[in-house]
Amino acid sequence: WSQKTIKTPMTIGHEYVGVVAEVGPGVRNIKVGDRVTGEGHIACGHCRNCLSGNGHLCKETVGVGVNRDGAFAEYLAVDIRNLILLPDDLSYACASLVEPGAVARAAVRRLEVKLGDTVVVWGAGPIGLIAAAWAKRAGAGIVRVVDISEEKLAFAKKFGFEAYDEARDGLCDCAIEGTGAPQALCNLIKSMKPHSRVILMGNPARDMTITQSVYSQILRREITLRGTWNSSYNSQ
C-alpha cells in the first residue's frame, strides 16, 4: 500500500506533536506556544461527508506525510480543525500515540463490544495492541491477539494480552482484522461464533480472497463484517 501511495521524494511523518510557532488570521482557541497534536488527514471541509461530521471519509482527504510533506521537518502547516490541545501533564511521547489511538478506538466502537465478550485482535502491531486495550476498557471479558511474529506476541504479553488459543478460549464474539492478509481473514472467520462481529481494519497488501467454505461460514453463522477507516471527527 505504502509503495503505491507515497510518492518520492517525500518528507514522511504522519503522527505528530509540537509547539505552535505561528497562526494564521482569524484563528481562535489556538495560540503561539500551545502544545498540540493533531489528526493526520486534512479534509476539504466542504463536502457532504465533512459537513455531516464524517471528514475521515472525505474523498479529497490529503494525508500528512502520505500525500503531502509530513512531520519529519522543522515546521509543519496544518488546518486549525486538525489540531488538539495537549493537557500539561501529557508527555510528547504519549501524545504521539493520540492519532493511532484514535484509529484503534474508532475500530473498537464499530465493533460494539458487549460486557463479557471474547475479543481477538489479529495483528499485534501498535494499533492492534491499542485496540486490544480499548476492547478491554469497553468491557470485554477476554482479549487475545494473533500474530505470526513471536517477538510481537511476547511484547503483547507484557501488557496482559496472550496469544489466542481456540482450544482454551473458545470461539470469538468479536474480532478485529488488522493484518490485511487474506489467510488471516480466512482463519479469523473460522474462529467466530454465530452472530459474531468482525471489523476489517488492516490495509491489504494484495487482493483479499476467501475460499468458498469460509464464505459459507459467514452465511451459516450470520457473521457481521464491517469496515473502519481512520478515526471519526464526530462521536460515532
# chains A, B, ... in the order shown; residues from 1 in each chain; ligands from 1

$ residues_around --residues "stretch 178-194 of chain A" --least-positions-apart "3" --cutoff "10 Å" --atoms "only C-alpha atoms" --output "PyMOL selection string"
chain A and resi 104+107+118-125+127-128+131+146-148+165-166+170-175+197-211+213-215+217-225

$ residues_around --residues "stretch 56-68 of chain A" --least-positions-apart "4" --cutoff "10 Å" --atoms "only C-alpha atoms" --output "ChimeraX atom specification"
/A:2,5-8,10-16,39-51,72,76-78,229-234

$ write_last_selection --atoms "N, CA, C and O atoms" --output "compact mmCIF listing (two decimals), in the first residue's frame"
# COMPACT_ATOMS: atom_id res chain seq x y z
N SER A 2 1.84 1.29 0.90
CA SER A 2 2.68 2.49 1.01
C SER A 2 3.50 2.72 -0.26
O SER A 2 3.68 3.87 -0.69
N THR A 5 1.25 4.32 -2.75
CA THR A 5 0.60 5.57 -2.36
C THR A 5 1.58 6.72 -2.15
O THR A 5 1.32 7.86 -2.58
N ILE A 6 2.69 6.46 -1.48
CA ILE A 6 3.62 7.53 -1.10
C ILE A 6 4.64 7.73 -2.22
O ILE A 6 5.44 6.84 -2.52
N LYS A 7 4.58 8.88 -2.84
CA LYS A 7 5.48 9.20 -3.95
C LYS A 7 6.75 9.85 -3.42
O LYS A 7 6.70 10.73 -2.56
N THR A 8 7.87 9.43 -3.95
CA THR A 8 9.14 10.03 -3.54
C THR A 8 9.58 11.09 -4.56
O THR A 8 9.20 11.01 -5.74
N MET A 10 9.60 12.48 -0.64
CA MET A 10 8.55 12.89 0.28
C MET A 10 9.12 12.99 1.68
O MET A 10 9.82 12.08 2.15
N THR A 11 8.82 14.09 2.37
CA THR A 11 9.14 14.18 3.80
C THR A 11 8.03 13.45 4.54
O THR A 11 6.88 13.89 4.54
N ILE A 12 8.37 12.30 5.13
CA ILE A 12 7.34 11.50 5.79
C ILE A 12 7.10 12.02 7.20
O ILE A 12 7.67 13.01 7.63
N GLY A 13 6.27 11.31 7.94
CA GLY A 13 5.92 11.72 9.30
C GLY A 13 4.43 11.99 9.39
O GLY A 13 3.96 13.07 9.05
N HIS A 14 3.67 11.00 9.84
CA HIS A 14 2.21 11.08 9.82
C HIS A 14 1.64 11.47 11.18
O HIS A 14 0.70 12.25 11.27
N GLU A 15 2.20 10.88 12.25
CA GLU A 15 1.77 11.24 13.60
C GLU A 15 2.71 12.33 14.11
O GLU A 15 3.92 12.24 13.95
N TYR A 16 2.15 13.34 14.74
CA TYR A 16 3.00 14.48 15.11
C TYR A 16 2.55 15.14 16.41
O TYR A 16 1.37 15.09 16.78
N GLU A 39 -4.88 15.40 14.00
CA GLU A 39 -5.31 14.38 13.07
C GLU A 39 -4.43 14.46 11.82
O GLU A 39 -4.13 15.55 11.34
N GLY A 40 -4.02 13.31 11.31
CA GLY A 40 -3.07 13.28 10.21
C GLY A 40 -3.67 13.33 8.82
O GLY A 40 -2.95 13.15 7.84
N HIS A 41 -4.98 13.59 8.74
CA HIS A 41 -5.64 13.65 7.44
C HIS A 41 -6.36 14.99 7.32
O HIS A 41 -7.23 15.31 8.14
N ILE A 42 -6.01 15.76 6.31
CA ILE A 42 -6.62 17.08 6.12
C ILE A 42 -7.75 16.96 5.11
O ILE A 42 -7.52 16.67 3.93
N ALA A 43 -8.97 17.15 5.59
CA ALA A 43 -10.16 17.03 4.75
C ALA A 43 -10.52 18.37 4.13
O ALA A 43 -10.05 19.42 4.57
N CYS A 44 -11.41 18.33 3.12
CA CYS A 44 -11.74 19.57 2.40
C CYS A 44 -12.60 20.51 3.23
O CYS A 44 -12.52 21.73 3.08
N GLY A 45 -13.46 19.96 4.10
CA GLY A 45 -14.32 20.79 4.96
C GLY A 45 -15.60 21.26 4.31
O GLY A 45 -16.41 21.93 4.95
N HIS A 46 -15.83 20.88 3.04
CA HIS A 46 -16.99 21.41 2.32
C HIS A 46 -17.92 20.33 1.76
O HIS A 46 -19.07 20.64 1.43
N CYS A 47 -17.45 19.11 1.63
CA CYS A 47 -18.28 18.07 1.01
C CYS A 47 -19.33 17.56 2.00
O CYS A 47 -19.34 17.92 3.17
N ARG A 48 -20.18 16.69 1.51
CA ARG A 48 -21.27 16.16 2.33
C ARG A 48 -20.72 15.41 3.55
O ARG A 48 -21.25 15.54 4.66
N ASN A 49 -19.68 14.61 3.33
CA ASN A 49 -19.10 13.87 4.45
C ASN A 49 -18.53 14.81 5.51
O ASN A 49 -18.75 14.61 6.71
N CYS A 50 -17.81 15.83 5.08
CA CYS A 50 -17.23 16.78 6.03
C CYS A 50 -18.30 17.52 6.81
O CYS A 50 -18.22 17.67 8.03
N LEU A 51 -19.33 17.98 6.10
CA LEU A 51 -20.38 18.77 6.75
C LEU A 51 -21.24 17.93 7.69
O LEU A 51 -21.89 18.47 8.58
N PHE A 72 8.33 14.99 9.76
CA PHE A 72 9.78 14.89 10.00
C PHE A 72 10.46 16.11 9.38
O PHE A 72 11.27 16.02 8.47
N LEU A 76 5.59 22.35 10.35
CA LEU A 76 4.50 21.67 9.66
C LEU A 76 3.28 22.58 9.68
O LEU A 76 2.88 23.06 10.74
N ALA A 77 2.70 22.84 8.52
CA ALA A 77 1.49 23.66 8.43
C ALA A 77 0.28 22.75 8.27
O ALA A 77 0.26 21.90 7.36
N VAL A 78 -0.72 22.89 9.15
CA VAL A 78 -1.94 22.09 9.07
C VAL A 78 -3.15 22.98 9.33
O VAL A 78 -3.03 24.09 9.87
N TRP A 229 -12.33 3.09 8.91
CA TRP A 229 -11.30 3.88 8.20
C TRP A 229 -10.89 5.05 9.05
O TRP A 229 -11.71 5.88 9.42
N ASN A 230 -9.60 5.11 9.37
CA ASN A 230 -9.04 6.20 10.16
C ASN A 230 -9.81 6.39 11.45
O ASN A 230 -10.26 5.44 12.07
N SER A 231 -9.99 7.63 11.87
CA SER A 231 -10.74 7.92 13.10
C SER A 231 -11.78 8.99 12.79
O SER A 231 -11.55 9.87 11.97
N SER A 232 -12.90 8.88 13.45
CA SER A 232 -14.03 9.77 13.16
C SER A 232 -13.85 11.13 13.76
O SER A 232 -13.30 11.29 14.85
N TYR A 233 -14.32 12.15 13.04
CA TYR A 233 -14.31 13.52 13.54
C TYR A 233 -15.45 13.75 14.53
O TYR A 233 -15.50 14.75 15.21
N ASN A 234 -16.43 12.83 14.54
CA ASN A 234 -17.57 13.02 15.44
C ASN A 234 -17.52 11.96 16.53
O ASN A 234 -16.53 11.26 16.72

$ select_by_dssp --residues "stretch 35-181 of chain A" --states "alpha helix (DSSP H)" --output "ChimeraX atom specification"
/A:48-51,92-95,98-111,126-137,150-158,166-169

$ closest_residue --among "A:Arg109, A:Arg144, A:Arg226, A:Arg35" --to "A:Val20" --atoms "only C-alpha atoms"
A:Arg35

$ atom_distance --atom1 "atom CA of A:Ala73" --atom2 "atom CA of A:Val17"
11.6 Å

$ residues_around --residues "A:Leu115" --least-positions-apart "3" --cutoff "7 Å" --atoms "only C-alpha atoms" --output "VMD selection string"
chain A and resid 139 to 141

$ write_last_selection --atoms "C-alpha atoms" --output "PDB file, in the first residue's frame"
ATOM      1  CA  GLY A 139     -15.972  -4.417  28.839  1.00  0.00           C
ATOM      2  CA  ALA A 140     -14.577  -7.461  27.041  1.00  0.00           C
ATOM      3  CA  GLY A 141     -14.138 -10.460  29.312  1.00  0.00           C
TER       4      GLY A 141
END

$ residues_around --residues "A:Asp88" --least-positions-apart "5" --cutoff "12 Å" --atoms "only C-alpha atoms" --output "number ranges by chain"
A: 34-36, 94-95

$ atom_distance --atom1 "atom CA of A:Ala163" --atom2 "atom CA of A:Val103"
22.2 Å

$ residues_around --residues "A:Val19" --least-positions-apart "3" --cutoff "12 Å" --atoms "only C-alpha atoms" --output "list in words"
Tyr16, Glu22, Val23, Ile30, Lys31, Val32, Gly33, Asp34, Arg35, Val36, Thr37, Gly38, Glu74, Tyr75, Leu76, Ala77, Leu83, Ile84, Leu85, Leu86 and Tyr92 of chain A

$ closest_residue --among "A:Lys158, A:Ile80, A:Tyr164, A:Asn29" --to "A:Val145" --atoms "only C-alpha atoms"
A:Tyr164

$ select_by_dssp --residues "stretch 28-216 of chain A" --states "strand (DSSP E)" --output "ChimeraX atom specification"
/A:35-38,41-42,62-63,83-85,118-122,142-146,172-177,192-200

$ decode --residues "stretch 10-159 of chain A" --atoms "C-alpha atoms" --output "PDB file, in the first residue's frame"
ATOM      1  CA  MET A  10       8.547  12.891   0.277  1.00  0.00           C
ATOM      2  CA  THR A  11       9.135  14.179   3.797  1.00  0.00           C
ATOM      3  CA  ILE A  12       7.344  11.500   5.786  1.00  0.00           C
ATOM      4  CA  GLY A  13       5.916  11.719   9.305  1.00  0.00           C
ATOM      5  CA  HIS A  14       2.207  11.080   9.821  1.00  0.00           C
ATOM      6  CA  GLU A  15       1.773  11.242  13.602  1.00  0.00           C
ATOM      7  CA  TYR A  16       2.999  14.480  15.108  1.00  0.00           C
ATOM      8  CA  VAL A  17       3.248  16.633  18.225  1.00  0.00           C
ATOM      9  CA  GLY A  18       4.787  20.048  18.625  1.00  0.00           C
ATOM     10  CA  VAL A  19       4.557  23.648  19.728  1.00  0.00           C
ATOM     11  CA  VAL A  20       2.596  26.215  17.720  1.00  0.00           C
ATOM     12  CA  ALA A  21       5.069  28.631  16.117  1.00  0.00           C
ATOM     13  CA  GLU A  22       2.640  30.773  14.122  1.00  0.00           C
ATOM     14  CA  VAL A  23      -1.113  31.063  13.488  1.00  0.00           C
ATOM     15  CA  GLY A  24      -2.986  32.460  10.536  1.00  0.00           C
ATOM     16  CA  PRO A  25      -5.525  35.311  10.580  1.00  0.00           C
ATOM     17  CA  GLY A  26      -8.823  34.575  12.294  1.00  0.00           C
ATOM     18  CA  VAL A  27      -7.535  31.584  14.262  1.00  0.00           C
ATOM     19  CA  ARG A  28      -9.101  31.232  17.701  1.00  0.00           C
ATOM     20  CA  ASN A  29      -8.579  28.866  20.616  1.00  0.00           C
ATOM     21  CA  ILE A  30      -5.030  28.040  19.474  1.00  0.00           C
ATOM     22  CA  LYS A  31      -2.132  30.424  20.131  1.00  0.00           C
ATOM     23  CA  VAL A  32       1.618  30.575  19.684  1.00  0.00           C
ATOM     24  CA  GLY A  33       3.322  28.439  22.310  1.00  0.00           C
ATOM     25  CA  ASP A  34       0.494  25.918  22.718  1.00  0.00           C
ATOM     26  CA  ARG A  35       1.446  22.243  22.823  1.00  0.00           C
ATOM     27  CA  VAL A  36      -0.599  20.338  20.245  1.00  0.00           C
ATOM     28  CA  THR A  37      -1.059  17.106  18.385  1.00  0.00           C
ATOM     29  CA  GLY A  38      -3.426  16.536  15.524  1.00  0.00           C
ATOM     30  CA  GLU A  39      -5.311  14.381  13.067  1.00  0.00           C
ATOM     31  CA  GLY A  40      -3.074  13.277  10.213  1.00  0.00           C
ATOM     32  CA  HIS A  41      -5.635  13.649   7.439  1.00  0.00           C
ATOM     33  CA  ILE A  42      -6.615  17.085   6.120  1.00  0.00           C
ATOM     34  CA  ALA A  43     -10.156  17.026   4.749  1.00  0.00           C
ATOM     35  CA  CYS A  44     -11.741  19.572   2.398  1.00  0.00           C
ATOM     36  CA  GLY A  45     -14.317  20.790   4.956  1.00  0.00           C
ATOM     37  CA  HIS A  46     -16.992  21.411   2.322  1.00  0.00           C
ATOM     38  CA  CYS A  47     -18.281  18.070   1.010  1.00  0.00           C
ATOM     39  CA  ARG A  48     -21.266  16.161   2.332  1.00  0.00           C
ATOM     40  CA  ASN A  49     -19.101  13.870   4.454  1.00  0.00           C
ATOM     41  CA  CYS A  50     -17.226  16.778   6.027  1.00  0.00           C
ATOM     42  CA  LEU A  51     -20.380  18.766   6.746  1.00  0.00           C
ATOM     43  CA  SER A  52     -22.005  15.733   8.385  1.00  0.00           C
ATOM     44  CA  GLY A  53     -19.064  15.212  10.727  1.00  0.00           C
ATOM     45  CA  ASN A  54     -17.541  12.388   8.693  1.00  0.00           C
ATOM     46  CA  GLY A  55     -14.460  14.183   7.443  1.00  0.00           C
ATOM     47  CA  HIS A  56     -12.459  10.957   7.732  1.00  0.00           C
ATOM     48  CA  LEU A  57     -14.444   9.760   4.693  1.00  0.00           C
ATOM     49  CA  CYS A  58     -13.777  12.885   2.619  1.00  0.00           C
ATOM     50  CA  LYS A  59     -12.771  11.921  -0.931  1.00  0.00           C
ATOM     51  CA  GLU A  60     -10.415  14.916  -1.096  1.00  0.00           C
ATOM     52  CA  THR A  61      -8.502  13.951   2.051  1.00  0.00           C
ATOM     53  CA  VAL A  62      -4.773  14.694   1.983  1.00  0.00           C
ATOM     54  CA  GLY A  63      -2.639  12.588   4.321  1.00  0.00           C
ATOM     55  CA  VAL A  64       0.158  14.338   6.201  1.00  0.00           C
ATOM     56  CA  GLY A  65       3.373  12.537   5.316  1.00  0.00           C
ATOM     57  CA  VAL A  66       1.467  10.429   2.798  1.00  0.00           C
ATOM     58  CA  ASN A  67       0.058  12.674   0.059  1.00  0.00           C
ATOM     59  CA  ARG A  68       1.984  15.785   1.121  1.00  0.00           C
ATOM     60  CA  ASP A  69       5.143  16.525   3.084  1.00  0.00           C
ATOM     61  CA  GLY A  70       4.882  15.454   6.687  1.00  0.00           C
ATOM     62  CA  ALA A  71       6.126  15.979  10.201  1.00  0.00           C
ATOM     63  CA  PHE A  72       9.777  14.894   9.997  1.00  0.00           C
ATOM     64  CA  ALA A  73      10.580  18.550   9.394  1.00  0.00           C
ATOM     65  CA  GLU A  74      11.297  21.627  11.458  1.00  0.00           C
ATOM     66  CA  TYR A  75       7.861  23.112  10.719  1.00  0.00           C
ATOM     67  CA  LEU A  76       4.504  21.672   9.657  1.00  0.00           C
ATOM     68  CA  ALA A  77       1.493  23.661   8.433  1.00  0.00           C
ATOM     69  CA  VAL A  78      -1.938  22.090   9.070  1.00  0.00           C
ATOM     70  CA  ASP A  79      -5.564  23.151   9.192  1.00  0.00           C
ATOM     71  CA  ILE A  80      -6.671  24.502  12.571  1.00  0.00           C
ATOM     72  CA  ARG A  81      -9.502  21.941  12.571  1.00  0.00           C
ATOM     73  CA  ASN A  82      -6.913  19.168  12.812  1.00  0.00           C
ATOM     74  CA  LEU A  83      -5.198  20.391  15.983  1.00  0.00           C
ATOM     75  CA  ILE A  84      -5.830  19.131  19.505  1.00  0.00           C
ATOM     76  CA  LEU A  85      -4.549  20.985  22.570  1.00  0.00           C
ATOM     77  CA  LEU A  86      -2.480  18.827  24.911  1.00  0.00           C
ATOM     78  CA  PRO A  87      -3.003  18.837  28.668  1.00  0.00           C
ATOM     79  CA  ASP A  88       0.042  19.947  30.634  1.00  0.00           C
ATOM     80  CA  ASP A  89       0.555  16.517  32.210  1.00  0.00           C
ATOM     81  CA  LEU A  90       0.685  14.611  28.898  1.00  0.00           C
ATOM     82  CA  SER A  91       4.182  13.943  27.567  1.00  0.00           C
ATOM     83  CA  TYR A  92       5.131  14.369  23.919  1.00  0.00           C
ATOM     84  CA  ALA A  93       5.881  10.635  23.732  1.00  0.00           C
ATOM     85  CA  CYS A  94       2.365   9.717  24.858  1.00  0.00           C
ATOM     86  CA  ALA A  95       0.811  12.432  22.688  1.00  0.00           C
ATOM     87  CA  SER A  96       2.424  10.891  19.608  1.00  0.00           C
ATOM     88  CA  LEU A  97       0.060   7.931  20.120  1.00  0.00           C
ATOM     89  CA  VAL A  98      -3.120  10.032  20.041  1.00  0.00           C
ATOM     90  CA  GLU A  99      -3.685   9.552  16.295  1.00  0.00           C
ATOM     91  CA  PRO A 100      -3.129   5.773  16.180  1.00  0.00           C
ATOM     92  CA  GLY A 101      -5.040   5.543  19.450  1.00  0.00           C
ATOM     93  CA  ALA A 102      -7.999   7.264  17.812  1.00  0.00           C
ATOM     94  CA  VAL A 103      -7.828   4.855  14.861  1.00  0.00           C
ATOM     95  CA  ALA A 104      -7.969   1.905  17.259  1.00  0.00           C
ATOM     96  CA  ARG A 105     -10.767   3.492  19.278  1.00  0.00           C
ATOM     97  CA  ALA A 106     -12.877   4.032  16.155  1.00  0.00           C
ATOM     98  CA  ALA A 107     -12.466   0.366  15.226  1.00  0.00           C
ATOM     99  CA  VAL A 108     -13.473  -0.857  18.688  1.00  0.00           C
ATOM    100  CA  ARG A 109     -16.510   1.444  18.799  1.00  0.00           C
ATOM    101  CA  ARG A 110     -17.703  -0.004  15.497  1.00  0.00           C
ATOM    102  CA  LEU A 111     -17.150  -3.471  16.937  1.00  0.00           C
ATOM    103  CA  GLU A 112     -19.846  -2.766  19.578  1.00  0.00           C
ATOM    104  CA  VAL A 113     -18.218  -4.839  22.308  1.00  0.00           C
ATOM    105  CA  LYS A 114     -20.646  -6.220  24.875  1.00  0.00           C
ATOM    106  CA  LEU A 115     -19.853  -6.902  28.516  1.00  0.00           C
ATOM    107  CA  GLY A 116     -18.018 -10.199  28.844  1.00  0.00           C
ATOM    108  CA  ASP A 117     -17.321 -10.685  25.115  1.00  0.00           C
ATOM    109  CA  THR A 118     -14.341 -12.639  23.887  1.00  0.00           C
ATOM    110  CA  VAL A 119     -12.424 -10.293  21.552  1.00  0.00           C
ATOM    111  CA  VAL A 120      -9.464 -11.274  19.383  1.00  0.00           C
ATOM    112  CA  VAL A 121      -7.256  -8.775  17.571  1.00  0.00           C
ATOM    113  CA  TRP A 122      -5.469 -10.170  14.521  1.00  0.00           C
ATOM    114  CA  GLY A 123      -2.222  -8.251  14.127  1.00  0.00           C
ATOM    115  CA  ALA A 124      -0.297  -7.294  17.271  1.00  0.00           C
ATOM    116  CA  GLY A 125       1.310  -4.136  15.943  1.00  0.00           C
ATOM    117  CA  PRO A 126       0.969  -0.736  17.652  1.00  0.00           C
ATOM    118  CA  ILE A 127      -2.633  -0.060  16.563  1.00  0.00           C
ATOM    119  CA  GLY A 128      -3.612  -3.680  17.222  1.00  0.00           C
ATOM    120  CA  LEU A 129      -2.342  -3.522  20.800  1.00  0.00           C
ATOM    121  CA  ILE A 130      -4.060  -0.194  21.407  1.00  0.00           C
ATOM    122  CA  ALA A 131      -7.271  -1.721  20.024  1.00  0.00           C
ATOM    123  CA  ALA A 132      -6.866  -4.613  22.456  1.00  0.00           C
ATOM    124  CA  ALA A 133      -6.580  -2.113  25.310  1.00  0.00           C
ATOM    125  CA  TRP A 134      -9.693  -0.258  24.129  1.00  0.00           C
ATOM    126  CA  ALA A 135     -11.605  -3.565  23.874  1.00  0.00           C
ATOM    127  CA  LYS A 136     -10.691  -4.409  27.467  1.00  0.00           C
ATOM    128  CA  ARG A 137     -11.811  -0.957  28.568  1.00  0.00           C
ATOM    129  CA  ALA A 138     -15.083  -1.434  26.655  1.00  0.00           C
ATOM    130  CA  GLY A 139     -15.972  -4.417  28.839  1.00  0.00           C
ATOM    131  CA  ALA A 140     -14.577  -7.461  27.041  1.00  0.00           C
ATOM    132  CA  GLY A 141     -14.138 -10.460  29.312  1.00  0.00           C
ATOM    133  CA  ILE A 142     -11.278 -11.994  27.342  1.00  0.00           C
ATOM    134  CA  VAL A 143      -8.962 -10.131  24.949  1.00  0.00           C
ATOM    135  CA  ARG A 144      -6.439 -12.100  22.913  1.00  0.00           C
ATOM    136  CA  VAL A 145      -4.106 -11.340  19.992  1.00  0.00           C
ATOM    137  CA  VAL A 146      -2.870 -13.222  16.928  1.00  0.00           C
ATOM    138  CA  ASP A 147       0.390 -12.597  15.080  1.00  0.00           C
ATOM    139  CA  ILE A 148       2.996 -14.546  13.123  1.00  0.00           C
ATOM    140  CA  SER A 149       5.791 -12.728  14.974  1.00  0.00           C
ATOM    141  CA  GLU A 150       6.859 -14.339  18.242  1.00  0.00           C
ATOM    142  CA  GLU A 151       8.538 -11.060  19.181  1.00  0.00           C
ATOM    143  CA  LYS A 152       5.251  -9.154  18.861  1.00  0.00           C
ATOM    144  CA  LEU A 153       3.378 -11.808  20.825  1.00  0.00           C
ATOM    145  CA  ALA A 154       5.951 -11.607  23.608  1.00  0.00           C
ATOM    146  CA  PHE A 155       5.621  -7.822  23.660  1.00  0.00           C
ATOM    147  CA  ALA A 156       1.805  -8.067  23.763  1.00  0.00           C
ATOM    148  CA  LYS A 157       2.031 -10.428  26.730  1.00  0.00           C
ATOM    149  CA  LYS A 158       3.830  -7.719  28.718  1.00  0.00           C
ATOM    150  CA  PHE A 159       0.585  -5.728  28.533  1.00  0.00           C
TER     151      PHE A 159
END
